[in-house]
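A.B. asks: Just entry_31.txt, nothing more (compact mmCIF, C-alpha atoms and all ligand atoms):
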# COMPACT_ATOMS: atom_id res chain seq x y z
CA MET G 408 -7.98 -26.73 -5.47
CA THR G 409 -11.29 -27.63 -7.11
CA GLU G 410 -13.35 -25.16 -9.12
CA ASN G 411 -15.93 -25.02 -6.32
CA GLN G 412 -13.26 -24.27 -3.73
CA ILE G 413 -11.95 -21.46 -5.93
CA ARG G 414 -15.49 -20.06 -6.19
CA GLU G 415 -15.71 -20.05 -2.39
CA ILE G 416 -12.39 -18.28 -1.83
CA ILE G 417 -13.22 -15.59 -4.44
CA VAL G 418 -16.57 -14.82 -2.79
CA ALA G 419 -14.88 -14.66 0.63
CA ALA G 420 -12.08 -12.42 -0.73
CA GLY G 421 -14.69 -10.05 -2.24
CA LYS G 422 -16.33 -9.61 1.16
CA GLU G 423 -12.96 -9.06 2.81
CA LEU G 424 -12.06 -6.39 0.23
CA VAL G 425 -15.25 -4.54 1.23
CA GLU G 426 -14.54 -4.98 4.95
CA ARG G 427 -11.03 -3.61 4.59
CA GLN G 428 -12.34 -0.73 2.45
CA LEU G 429 -10.24 -1.79 -0.51
CA VAL G 430 -13.29 -1.77 -2.78
CA GLN G 431 -16.58 0.11 -2.92
CA GLY G 432 -19.91 -1.31 -4.12
CA THR G 433 -19.63 -3.20 -7.38
CA TRP G 434 -16.36 -1.56 -8.41
CA GLY G 435 -13.40 -3.84 -8.67
CA ASN G 436 -12.92 -7.43 -9.75
CA ILE G 437 -11.12 -10.62 -8.87
CA SER G 438 -9.91 -13.51 -11.01
CA VAL G 439 -8.25 -16.84 -10.18
CA ARG G 440 -6.71 -19.36 -12.57
CA VAL G 441 -8.60 -22.65 -12.64
CA ASP G 442 -6.35 -24.53 -15.10
CA ALA G 443 -4.06 -23.82 -18.06
CA ASP G 444 -6.93 -22.40 -20.14
CA THR G 445 -9.54 -21.05 -17.79
CA MET G 446 -10.11 -18.55 -15.01
CA LEU G 447 -12.97 -17.71 -12.72
CA VAL G 448 -13.74 -14.01 -12.70
CA THR G 449 -16.22 -11.88 -10.78
CA PRO G 450 -19.26 -10.74 -12.78
CA SER G 451 -20.05 -7.22 -13.91
CA GLY G 452 -22.22 -5.07 -11.65
CA VAL G 453 -22.79 -7.40 -8.68
CA ASP G 454 -22.26 -6.09 -5.16
CA TYR G 455 -19.63 -8.10 -3.23
CA GLY G 456 -21.95 -8.30 -0.24
CA ARG G 457 -24.54 -10.17 -2.32
CA MET G 458 -22.21 -12.12 -4.59
CA LYS G 459 -22.70 -15.90 -4.60
CA GLU G 460 -20.44 -18.71 -5.81
CA GLU G 461 -22.68 -19.33 -8.84
CA ASP G 462 -22.41 -15.68 -9.95
CA LEU G 463 -18.74 -16.12 -10.87
CA VAL G 464 -17.97 -16.47 -14.56
CA LEU G 465 -15.85 -19.29 -15.96
CA MET G 466 -13.86 -17.85 -18.84
CA ASN G 467 -11.29 -19.04 -21.36
CA ILE G 468 -8.18 -16.86 -20.95
CA HIS G 469 -7.16 -17.32 -24.62
CA THR G 470 -10.46 -16.84 -26.44
CA LEU G 471 -12.33 -14.85 -23.74
CA GLU G 472 -15.35 -17.06 -24.31
CA TYR G 473 -17.39 -17.61 -21.17
CA VAL G 474 -20.05 -19.88 -19.76
CA GLY G 475 -23.36 -18.83 -18.19
CA ASP G 476 -25.79 -15.90 -18.16
CA ARG G 477 -23.69 -13.49 -16.12
CA LYS G 478 -21.40 -11.08 -17.96
CA PRO G 479 -17.78 -11.13 -16.76
CA SER G 480 -16.23 -8.01 -15.25
CA SER G 481 -15.51 -5.24 -17.77
CA GLU G 482 -11.76 -5.44 -17.03
CA LYS G 483 -11.62 -9.17 -17.91
CA ASP G 484 -9.04 -8.47 -20.67
CA ILE G 485 -6.40 -7.37 -18.15
CA HIS G 486 -7.08 -10.40 -15.93
CA ALA G 487 -6.91 -12.84 -18.83
CA ALA G 488 -3.80 -11.25 -20.34
CA LEU G 489 -1.90 -11.40 -17.03
CA LEU G 490 -2.83 -15.06 -16.48
CA ARG G 491 -1.89 -15.85 -20.11
CA GLN G 492 1.43 -14.08 -20.16
CA ARG G 493 2.61 -14.63 -16.59
CA PRO G 494 2.52 -18.34 -15.65
CA ALA G 495 3.64 -17.57 -12.09
CA ILE G 496 0.55 -15.43 -11.52
CA ASN G 497 -2.60 -17.31 -10.52
CA ALA G 498 -4.76 -14.55 -9.05
CA VAL G 499 -5.47 -10.92 -9.96
CA ILE G 500 -7.38 -8.21 -8.10
CA HIS G 501 -8.42 -4.88 -9.60
CA SER G 502 -9.95 -2.16 -7.49
CA HIS G 503 -10.09 1.60 -6.81
CA PRO G 504 -8.94 2.01 -3.19
CA SER G 505 -8.75 5.50 -1.78
CA TYR G 506 -4.98 6.19 -1.51
CA CYS G 507 -4.13 4.27 -4.68
CA SER G 508 -6.66 6.55 -6.41
CA SER G 509 -4.83 9.65 -5.18
CA ILE G 510 -1.52 8.34 -6.58
CA ALA G 511 -3.40 7.43 -9.78
CA ALA G 512 -4.63 11.04 -10.02
CA ALA G 513 -1.06 12.33 -9.66
CA ARG G 514 0.27 9.73 -12.13
CA MET G 515 3.42 9.54 -10.04
CA GLU G 516 5.68 6.49 -9.88
CA ILE G 517 6.59 5.98 -6.24
CA PRO G 518 9.44 4.09 -4.60
CA VAL G 519 9.05 0.86 -2.65
CA ARG G 520 11.22 1.29 0.44
CA ASP G 521 11.07 -1.87 2.50
CA PRO G 522 12.37 -5.35 1.57
CA LYS G 523 8.98 -6.95 2.18
CA GLY G 524 7.39 -4.51 -0.30
CA LYS G 525 10.14 -5.11 -2.86
CA GLU G 526 9.45 -8.82 -2.59
CA LEU G 527 5.70 -8.37 -2.87
CA VAL G 528 5.47 -5.65 -5.52
CA GLY G 529 8.90 -4.96 -7.04
CA GLU G 530 11.37 -2.04 -7.02
CA THR G 531 8.81 0.75 -7.60
CA ILE G 532 5.08 1.29 -7.94
CA ARG G 533 4.70 2.11 -11.62
CA ILE G 534 1.88 3.97 -13.31
CA ALA G 535 0.27 2.44 -16.39
CA ASN G 536 -0.30 5.08 -19.06
CA TYR G 537 -3.80 6.47 -19.21
CA SER G 538 -6.35 4.82 -21.49
CA LEU G 539 -10.12 4.70 -21.31
CA PRO G 540 -11.42 1.94 -19.01
CA SER G 541 -12.16 -1.53 -20.43
CA THR G 542 -10.16 -0.93 -23.62
CA LYS G 543 -7.38 -2.98 -25.23
CA TRP G 544 -5.12 0.07 -24.83
CA LEU G 545 -5.58 0.01 -21.07
CA MET G 546 -4.77 -3.70 -21.07
CA THR G 547 -1.54 -3.05 -23.03
CA SER G 548 -0.49 -0.22 -20.67
CA ALA G 549 -1.21 -2.36 -17.61
CA ILE G 550 0.79 -5.34 -18.89
CA GLU G 551 3.70 -3.03 -19.73
CA ALA G 552 3.68 -1.38 -16.30
CA MET G 553 3.48 -4.81 -14.63
CA GLN G 554 6.76 -6.03 -16.15
CA ASP G 555 8.92 -7.31 -13.25
CA ARG G 556 6.16 -6.19 -10.91
CA ASN G 557 3.22 -7.79 -9.14
CA ALA G 558 1.19 -4.59 -9.16
CA CYS G 559 0.75 -1.23 -10.84
CA ILE G 560 -1.42 1.84 -10.58
CA LEU G 561 -3.69 2.57 -13.55
CA ALA G 562 -3.47 6.31 -14.24
CA ASN G 563 -6.60 8.18 -13.09
CA HIS G 564 -8.28 4.90 -12.28
CA GLY G 565 -7.11 2.40 -9.63
CA VAL G 566 -4.81 -0.52 -8.97
CA ILE G 567 -4.00 -3.98 -10.35
CA ALA G 568 -2.46 -6.50 -7.95
CA ALA G 569 -1.40 -10.06 -8.71
CA GLY G 570 0.03 -13.02 -6.84
CA LYS G 571 0.87 -16.69 -6.97
CA ASP G 572 -2.46 -17.25 -5.24
CA LEU G 573 -5.39 -15.16 -4.04
CA ASP G 574 -3.92 -14.73 -0.56
CA GLN G 575 -0.78 -13.21 -2.04
CA ALA G 576 -2.73 -10.97 -4.44
CA PHE G 577 -4.66 -9.78 -1.38
CA GLU G 578 -1.43 -9.09 0.44
CA VAL G 579 -0.13 -7.16 -2.60
CA ILE G 580 -3.21 -4.93 -2.91
CA SER G 581 -3.17 -4.24 0.85
CA TYR G 582 0.51 -3.32 0.62
CA MET G 583 -0.16 -1.01 -2.36
CA GLU G 584 -2.84 0.93 -0.46
CA GLN G 585 -0.62 1.20 2.61
CA ALA G 586 2.44 2.29 0.58
CA CYS G 587 0.42 4.96 -1.27
CA LYS G 588 -0.97 6.21 2.05
CA GLU G 589 2.49 6.44 3.62
CA TYR G 590 3.91 8.23 0.57
CA ILE G 591 1.21 10.91 0.68
CA GLN G 592 1.32 11.32 4.44
CA ASP G 593 5.15 11.55 4.43
CA ALA G 594 4.93 14.32 1.81
CA VAL G 595 2.49 16.22 4.02
CA LYS G 596 4.69 15.71 7.11
CA GLU G 597 7.68 17.05 5.21
CA GLN G 598 5.82 20.13 3.99
CA THR G 599 4.38 20.86 7.41
CA SER G 600 7.71 20.13 9.15
CA SER G 601 5.93 17.75 11.44
CA ASP G 602 6.66 14.17 12.45
CA LYS G 603 2.97 13.41 12.73
CA PHE G 604 0.41 13.44 9.91
CA GLU G 605 -2.53 15.68 10.64
CA LEU G 606 -5.53 15.94 8.37
CA GLU G 607 -6.22 19.54 9.34
CA LYS G 608 -2.65 20.54 8.44
CA MET G 609 -3.03 18.93 5.02
CA PHE G 610 -6.25 20.86 4.47
CA GLU G 611 -4.56 24.12 5.51
CA LEU G 612 -1.72 23.43 3.10
CA PHE G 613 -4.16 22.68 0.30
CA LEU G 614 -6.17 25.85 0.95
CA ASN G 615 -2.96 27.92 0.87
CA ILE G 616 -1.81 26.36 -2.40
CA LYS G 617 -5.21 26.97 -4.02
CA LYS G 618 -5.61 30.51 -2.65
CA MET C 1152 -45.82 6.64 0.13
CA THR C 1153 -44.79 5.15 3.51
CA GLU C 1154 -42.32 2.89 1.77
CA LEU C 1155 -40.77 5.82 -0.08
CA ILE C 1156 -40.51 7.86 3.13
CA GLU C 1157 -38.70 4.90 4.67
CA ARG C 1158 -36.34 4.79 1.69
CA VAL C 1159 -35.51 8.49 2.13
CA ARG C 1160 -35.03 7.87 5.86
CA ALA C 1161 -32.61 5.00 5.14
CA TYR C 1162 -30.36 7.23 3.02
CA PHE C 1163 -30.66 10.05 5.57
CA GLU C 1164 -29.51 7.71 8.33
CA GLU C 1165 -26.63 6.48 6.20
CA TYR C 1166 -25.40 10.10 6.21
CA ASP C 1167 -25.66 10.09 10.02
CA LYS C 1168 -28.68 12.40 9.64
CA LEU C 1169 -26.32 15.19 8.60
CA ALA C 1170 -27.39 15.60 4.97
CA THR C 1171 -30.49 16.82 3.22
CA VAL C 1172 -32.06 13.97 1.24
CA ALA C 1173 -34.92 14.78 -1.14
CA LEU C 1174 -36.94 12.51 -3.43
CA ARG C 1175 -39.46 13.69 -6.02
CA ILE C 1176 -42.80 11.89 -6.03
CA LYS C 1177 -44.83 13.25 -8.94
CA ASP C 1178 -45.65 16.90 -7.98
CA GLN C 1179 -44.36 16.63 -4.41
CA MET C 1180 -41.08 15.91 -2.72
CA ILE C 1181 -40.13 13.98 0.41
CA VAL C 1182 -37.39 15.82 2.31
CA ALA C 1183 -35.29 14.64 5.24
CA GLN C 1184 -33.16 17.29 6.96
CA PRO C 1185 -30.97 17.41 10.06
CA GLU C 1186 -32.94 17.98 13.25
CA LYS C 1187 -36.26 18.13 11.43
CA GLU C 1188 -39.15 15.75 10.83
CA ILE C 1189 -39.32 14.16 7.39
CA LYS C 1190 -41.75 16.24 5.34
CA VAL C 1191 -43.74 15.91 2.14
CA ILE C 1192 -43.78 19.27 0.36
CA PRO C 1193 -45.68 20.16 -2.84
CA LEU C 1194 -43.30 21.35 -5.57
CA ASN C 1195 -45.39 24.48 -6.17
CA LYS C 1196 -45.57 25.54 -2.51
CA LYS C 1197 -43.23 28.40 -1.57
CA ALA C 1198 -40.14 27.02 0.15
CA GLU C 1199 -37.02 28.44 1.76
CA GLY C 1200 -33.35 27.51 2.15
CA LEU C 1201 -32.31 24.01 1.14
CA ASN C 1202 -35.92 23.03 0.39
CA LYS C 1203 -36.03 25.79 -2.20
CA ILE C 1204 -32.86 24.45 -3.84
CA CYS C 1205 -34.30 20.91 -4.05
CA GLN C 1206 -37.62 22.26 -5.32
CA LYS C 1207 -35.99 24.32 -8.02
CA ILE C 1208 -33.81 21.41 -9.17
CA PHE C 1209 -36.89 19.15 -9.46
CA LYS C 1210 -38.79 21.86 -11.35
CA MET C 1211 -36.00 22.69 -13.78
CA LYS C 1212 -34.54 19.21 -14.33
CA LYS C 1213 -37.35 16.86 -15.31
CA SER C 1214 -35.18 13.74 -15.33
CA ILE C 1215 -33.89 14.32 -11.79
CA ASN C 1216 -35.78 12.64 -8.95
CA ALA C 1217 -33.28 12.77 -6.10
CA VAL C 1218 -31.08 15.40 -4.47
CA ILE C 1219 -28.53 14.92 -1.68
CA ILE C 1220 -26.96 18.00 -0.10
CA SER C 1221 -24.06 16.93 2.07
CA SER C 1222 -20.87 18.13 3.63
CA LEU C 1223 -18.43 15.22 3.71
CA CYS C 1224 -14.89 15.65 5.03
CA HIS C 1225 -12.80 16.32 1.88
CA THR C 1226 -15.66 17.74 -0.19
CA LYS C 1227 -16.06 20.44 2.47
CA VAL C 1228 -12.45 21.55 1.91
CA ILE C 1229 -13.02 21.75 -1.86
CA ALA C 1230 -16.12 23.84 -1.13
CA GLN C 1231 -14.06 26.08 1.12
CA SER C 1232 -11.41 26.66 -1.55
CA CYS C 1233 -14.09 27.06 -4.22
CA VAL C 1234 -11.90 25.52 -6.94
CA THR C 1235 -13.09 23.57 -9.95
CA VAL C 1236 -11.99 19.94 -9.65
CA PRO C 1237 -10.75 18.66 -13.03
CA PRO C 1238 -11.53 15.10 -14.21
CA ILE C 1239 -8.82 13.35 -12.20
CA LEU C 1240 -10.44 9.91 -11.86
CA ASP C 1241 -12.45 7.80 -14.29
CA ASP C 1242 -15.33 7.24 -11.87
CA LEU C 1243 -15.54 10.97 -11.09
CA ALA C 1244 -15.69 11.79 -14.81
CA GLN C 1245 -18.19 9.03 -15.50
CA ILE C 1246 -20.61 9.71 -12.68
CA VAL C 1247 -20.27 13.41 -11.85
CA GLY C 1248 -19.11 14.72 -15.22
CA PRO C 1249 -16.02 16.18 -16.90
CA SER C 1250 -15.37 18.57 -13.97
CA VAL C 1251 -16.82 19.49 -10.59
CA ARG C 1252 -17.76 23.15 -10.63
CA SER C 1253 -17.86 25.36 -7.56
CA SER C 1254 -20.64 27.84 -6.94
CA LYS C 1255 -19.62 31.00 -5.07
CA LYS C 1256 -23.25 31.72 -4.29
CA GLY C 1257 -25.59 29.45 -2.37
CA GLY C 1258 -28.74 30.40 -4.31
CA ALA C 1259 -30.75 27.87 -6.30
CA THR C 1260 -30.16 29.62 -9.65
CA SER C 1261 -26.40 29.70 -9.25
CA ILE C 1262 -26.33 26.02 -8.19
CA LEU C 1263 -28.54 25.01 -11.13
CA PHE C 1264 -26.16 26.80 -13.46
CA LYS C 1265 -23.18 24.86 -12.06
CA LEU C 1266 -25.13 21.60 -12.45
CA ILE C 1267 -25.53 21.94 -16.22
CA GLY C 1268 -24.22 18.68 -17.68
CA ARG C 1269 -23.09 17.50 -14.22
CA ASN C 1270 -24.47 15.26 -11.47
CA ALA C 1271 -22.89 17.29 -8.67
CA CYS C 1272 -21.29 20.62 -7.79
CA VAL C 1273 -19.87 22.19 -4.64
CA VAL C 1274 -21.10 25.34 -2.96
CA LYS C 1275 -18.63 27.73 -1.34
CA ASN C 1276 -18.28 27.18 2.38
CA LYS C 1277 -21.21 24.73 2.37
CA GLY C 1278 -20.71 21.34 0.76
CA ALA C 1279 -21.94 19.36 -2.20
CA VAL C 1280 -25.20 19.18 -4.09
CA ALA C 1281 -25.53 15.83 -5.87
CA ILE C 1282 -28.41 14.87 -8.10
CA GLY C 1283 -29.65 11.72 -9.77
CA ARG C 1284 -32.55 9.99 -11.39
CA THR C 1285 -32.73 7.80 -8.30
CA LEU C 1286 -31.56 8.14 -4.71
CA ASP C 1287 -28.94 5.55 -5.45
CA GLU C 1288 -27.51 7.64 -8.28
CA ALA C 1289 -27.39 10.82 -6.13
CA ASP C 1290 -25.78 8.81 -3.31
CA THR C 1291 -23.15 7.37 -5.66
CA ALA C 1292 -22.40 10.86 -7.02
CA THR C 1293 -21.93 12.15 -3.45
CA LYS C 1294 -19.52 9.34 -2.56
CA VAL C 1295 -17.58 9.46 -5.81
CA LEU C 1296 -17.25 13.22 -5.36
CA GLU C 1297 -15.86 12.72 -1.84
CA LYS C 1298 -13.31 10.21 -3.13
CA GLY C 1299 -12.43 12.59 -5.99
CA ALA C 1300 -12.08 15.49 -3.54
CA LYS C 1301 -9.71 13.40 -1.41
CA ALA C 1302 -7.67 12.39 -4.47
CA TYR C 1303 -7.51 16.02 -5.61
CA ILE C 1304 -6.29 17.27 -2.23
CA GLU C 1305 -3.81 14.41 -1.77
CA SER C 1306 -2.42 14.58 -5.31
CA THR C 1307 -1.87 18.31 -4.75
CA MET C 1308 0.40 17.34 -1.83
CA ILE C 1309 2.68 15.35 -4.14
CA GLY C 1310 3.02 17.71 -7.08
CA GLY C 1311 -0.49 18.00 -8.46
CA ALA C 1312 -3.11 16.01 -10.30
CA LYS C 1313 -2.76 15.13 -13.98
CA PRO C 1314 -6.30 15.11 -15.32
CA ILE C 1315 -7.92 13.05 -18.06
CA SER C 1316 -8.49 14.99 -21.30
CA LYS C 1317 -11.70 16.94 -21.77
CA ILE C 1318 -12.76 14.78 -24.71
CA GLU C 1319 -12.21 11.47 -22.92
CA SER C 1320 -13.89 12.61 -19.72
CA THR C 1321 -16.90 14.02 -21.58
CA LEU C 1322 -17.20 10.82 -23.58
CA MET C 1323 -17.15 8.70 -20.42
CA HIS C 1324 -19.89 10.80 -18.81
CA ILE C 1325 -22.11 10.47 -21.89
CA VAL C 1326 -21.57 6.70 -22.07
CA TYR C 1327 -22.33 6.36 -18.34
CA LYS C 1328 -25.57 8.32 -18.70
CA LEU C 1329 -26.73 6.21 -21.62
CA LYS C 1330 -25.79 2.94 -19.91
CA TYR C 1331 -27.31 3.97 -16.61
CA SER C 1332 -30.56 5.10 -18.20
CA LYS C 1333 -31.10 1.58 -19.59
CA GLN C 1334 -29.96 -0.36 -16.51
CA ASP C 1335 -31.85 1.80 -14.12
CA GLN C 1336 -35.32 1.92 -15.62
CA SER C 1337 -36.79 -0.61 -13.20
CA GLU C 1338 -35.56 1.06 -10.01
CA LYS C 1339 -36.55 4.48 -11.31
CA LEU C 1340 -40.05 3.33 -12.15
CA GLU C 1341 -40.33 1.63 -8.78
CA GLU C 1342 -39.49 4.89 -6.98
CA LEU C 1343 -41.89 6.89 -9.13
CA ASN C 1344 -44.88 4.55 -9.08
CA ASN C 1345 -44.71 3.23 -5.59
CA ASP C 1346 -47.07 5.60 -3.82
ZN ZN Z 1 -11.72 -0.21 -12.43
Take the structure in this file and express it as structure tokens.
Ligand SMILES: [Zn+2]

C.D. replies:
Amino acid sequence: MTENQIREIIVAAGKELVERQLVQGTWGNISVRVDADTMLVTPSGVDYGRMKEEDLVLMNIHTLEYVGDRKPSSEKDIHAALLRQRPAINAVIHSHPSYCSSIAAARMEIPVRDPKGKELVGETIRIANYSLPSTKWLMTSAIEAMQDRNACILANHGVIAAGKDLDQAFEVISYMEQACKEYIQDAVKEQTSSDKFELEKMFELFLNIKK
Amino acid sequence: MTELIERVRAYFEEYDKLATVALRIKDQMIVAQPEKEIKVIPLNKKAEGLNKICQKIFKMKKSINAVIISSLCHTKVIAQSCVTVPPILDDLAQIVGPSVRSSKKGGATSILFKLIGRNACVVKNKGAVAIGRTLDEADTATKVLEKGAKAYIESTMIGGAKPISKIESTLMHIVYKLKYSKQDQSEKLEELNND
């Protein structure tokens, strides 16, 4: 794939993330490996709806030097480190989807139940230890939690998903959000002795716990 | 002024006309409220209800130019329970502050007290009051609060939230405010001068 084609697929993936409610506003970022030394990464603070091919930042994954006027996403370190250390990974998505955020708030490692999920993500959905956003410490925690995994939840923050290409990374992040949703809704069903998830029942339960 | 009224209307419509959206323009405010015409009210004219709350916020907080009073799905439940939401997500800590306080009383003074050092609070049995230097900032605070409220409720279902430390969450809020104040100057000036 040429650099220009990669630019096109990143812009399209950004719009699809918004459509599928896997990202809000300018939060979240995407990177794709261009060659052994470089990646294209989404810029900092640009809305996916308005993002253009030329806004993407070409960055060296070893030195973190970049070309152009746009600043790369603030979580560029995690993207670069994953592409550097994991040759099988060629695309990374970071975002703060709703259900992943709830698991991130609970800092709870959750099981992956189905074979498809095990293949996509790994045995469990791990939580990377908490560190302030955009720091080297957060990068270290994320890389550690991603060992033998294609995704992890960043404590109190969001999700990192990776794949052999952007399509697979997209599939991984979609799976993560769905798995987190099912885990929460199953917990509610169990506590309400119901085989159907009902929002009102969850609210009732919450109000009783916090009484 | 027409352009600013249209801007308030756009945010109001984004909330399906179910929120109160107020924007300060010098010594007046433009207010959009459910089932009412959009009004321009002087800040020193006696007001009632939600208008009084917006007025008092604008009078007491000189840097605040926008208020959104809303009642989104999960935020409403937090308001009902009247709990303080700890800093459970980075974006909540950054944008709203190191906790989301709950006000038992719906009066302007009580709400202002709960808004000290915060960009939003909840009001018992009502909803959320979010503030910002621009409409965009108040809107972001409202949405981040709703996501935080959802995460707080859902994490409670699976054993409870594990919050970020007080120091780290306070630090993030301070950094956000400093960063935002620089980035946002142009939009803020546009809203203030465009009349
Ligand atoms: Zn993030």

A.B. asks: Kindly work out which residues sit at most 9 Å from ligand ZN 1 (chain Z), using all atoms listed in the file, and give the list as a list in words.

C.D. replies: Trp434, Gly435, Asn436, Ser481, Glu482, His501, Ser502, His503, Pro540, Ser541, Leu561, His564, Gly565, Val566 and Ile567 of chain G; Asp1241 and Asp1242 of chain C

A.B. asks: Hey, list the chain C side of the contact with chain G: 9 Å cut-off, all atoms listed in the file, answer as a PyMOL selection string.

C.D. replies: chain C and resi 1225+1228-1229+1231-1234+1238-1242+1298-1299+1301-1315+1319-1320+1323

A.B. asks: Which value, in Å to one decimal, gives the distance between atom CA of Ile1246 of chain C and atom CA of Gly1268 of chain C?

C.D. replies: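 According to the coordinates, atom CA of Ile1246 of chain C and atom CA of Gly1268 of chain C are separated by 10.9 Å.
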
A.B. asks: Looking at C:Thr1293, C:Asn1216, C:Asn1202, C:Ser1254, which one is nearest to Ile1176 of chain C, with distances taken over all atoms listed in the file?

C.D. replies: C:Asn1216

A.B. asks: If you count only C-alpha atoms, which residues fall within 7 Å of Ala1292 of chain C, apart from same-chain ones fewer than 6 positions away, as a list of chain:residue names?

C.D. replies: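 Once the adjacent positions are removed, what remains is C:Ile1246, C:Val1247, C:Asn1270, C:Ala1271, C:Ala1281.
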
A.B. asks: If you keep C-alpha atoms, can you produce a file of those selected residues as a short mmCIF file (atom, residue, chain, number, x, y, z; two decimals), keeping the file's coordinate frame?

C.D. replies:
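Result file follows (part_6.cif):
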data_model
loop_
_atom_site.label_atom_id
_atom_site.label_comp_id
_atom_site.auth_asym_id
_atom_site.auth_seq_id
_atom_site.Cartn_x
_atom_site.Cartn_y
_atom_site.Cartn_z
CA ILE C 1246 -20.61 9.71 -12.68
CA VAL C 1247 -20.27 13.41 -11.85
CA ASN C 1270 -24.47 15.26 -11.47
CA ALA C 1271 -22.89 17.29 -8.67
CA ALA C 1281 -25.53 15.83 -5.87
#

A.B. asks: Please provide the set of residues having any atom within 10 Å of Ser1214 of chain C, restricted to only C-alpha atoms, with same-chain residues fewer than 3 positions apart removed, written as a PyMOL selection string.

C.D. replies: chain C and resi 1208-1211+1217+1282-1285

A.B. asks: Would you list the contacts of Glu551 of chain G as a list in words, taking every protein, DNA or RNA residue within 10 Å and counting all atoms listed in the file, but skipping same-chain residues closer than 3 positions in sequence?

C.D. replies: Arg533, Ile534, Ala535, Asn536, Leu545, Met546, Thr547, Ser548, Gln554, Asp555, Arg556 and Cys559 of chain G

A.B. asks: Measuring between only C-alpha atoms, which one of G:Ala487, G:Ala419, G:Val499, G:Val474 shows the shortest distance to Leu573 of chain G?

C.D. replies: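 Of G:Ala487, G:Ala419, G:Val499, G:Val474, the one nearest Leu573 of chain G is G:Val499, counting only C-alpha atoms.
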
A.B. asks: Atom CA of Val418 of chain G and atom CA of Tyr473 of chain G, how far apart in Å?

C.D. replies: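 Spanning atom CA of Tyr473 of chain G to atom CA of Val418 of chain G is a straight-line distance of 18.6 Å.
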
A.B. asks: Residues within 7 Å of Ile1220 of chain C, please, as a list in words. Count only C-alpha atoms; anything in the same chain fewer than 4 positions from it doesn't count.

C.D. replies: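 Contacts, in chain order: Ala1170, Thr1171, Val1172, Ala1279, Val1280 and Ala1281 of chain C.
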
A.B. asks: With only C-alpha atoms as the basis for distance, which of C:Arg1175, C:Leu1155, C:Ile1192, C:Ala1244 is at the shortest distance from Lys1317 of chain C?

C.D. replies: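 Once distances to Lys1317 of chain C are computed over only C-alpha atoms, the minimum belongs to C:Ala1244.
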
A.B. asks: What separation in Å, quoted to one decimal, exists between atom CA of Asp1167 of chain C and atom CA of Leu1223 of chain C?

C.D. replies: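 Distance reported for this atom pair: 10.9 Å.
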
A.B. asks: Point out the residue among G:Asp442, G:Asp462, G:Asp521, G:Asp572 with the least atom-to-atom distance to Ala495 of chain G, counting all atoms listed in the file.

C.D. replies: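 Closest to Ala495 of chain G, using all atoms listed in the file: G:Asp572.
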
A.B. asks: Could you give me the axis-aligned bounding box of segment 520-535 of chain G, with 6 Å of padding per side, as centre plus edge lengths in Å to one decimal, as AutoDock Vina command-line options?

C.D. replies:
--center_x 6.3 --center_y -2.4 --center_z -6.9 --size_x 24.1 --size_y 24.8 --size_z 30.9

A.B. asks: Residues around (-19.7, 31.3, -4.7), cut-off 8 Å, counting all atoms listed in the file - what are they as a VMD selection string?

C.D. replies: chain C and resid 1233 1253 to 1257 1274 to 1275

A.B. asks: Give the answer as one residue: which of G:Glu516, G:Glu410, G:Glu584, G:Asp574 has the shortest atom-to-atom distance to Val441 of chain G, using all atoms listed in the file?

C.D. replies: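 Ranked by minimum distance to Val441 of chain G, first place goes to G:Glu410.
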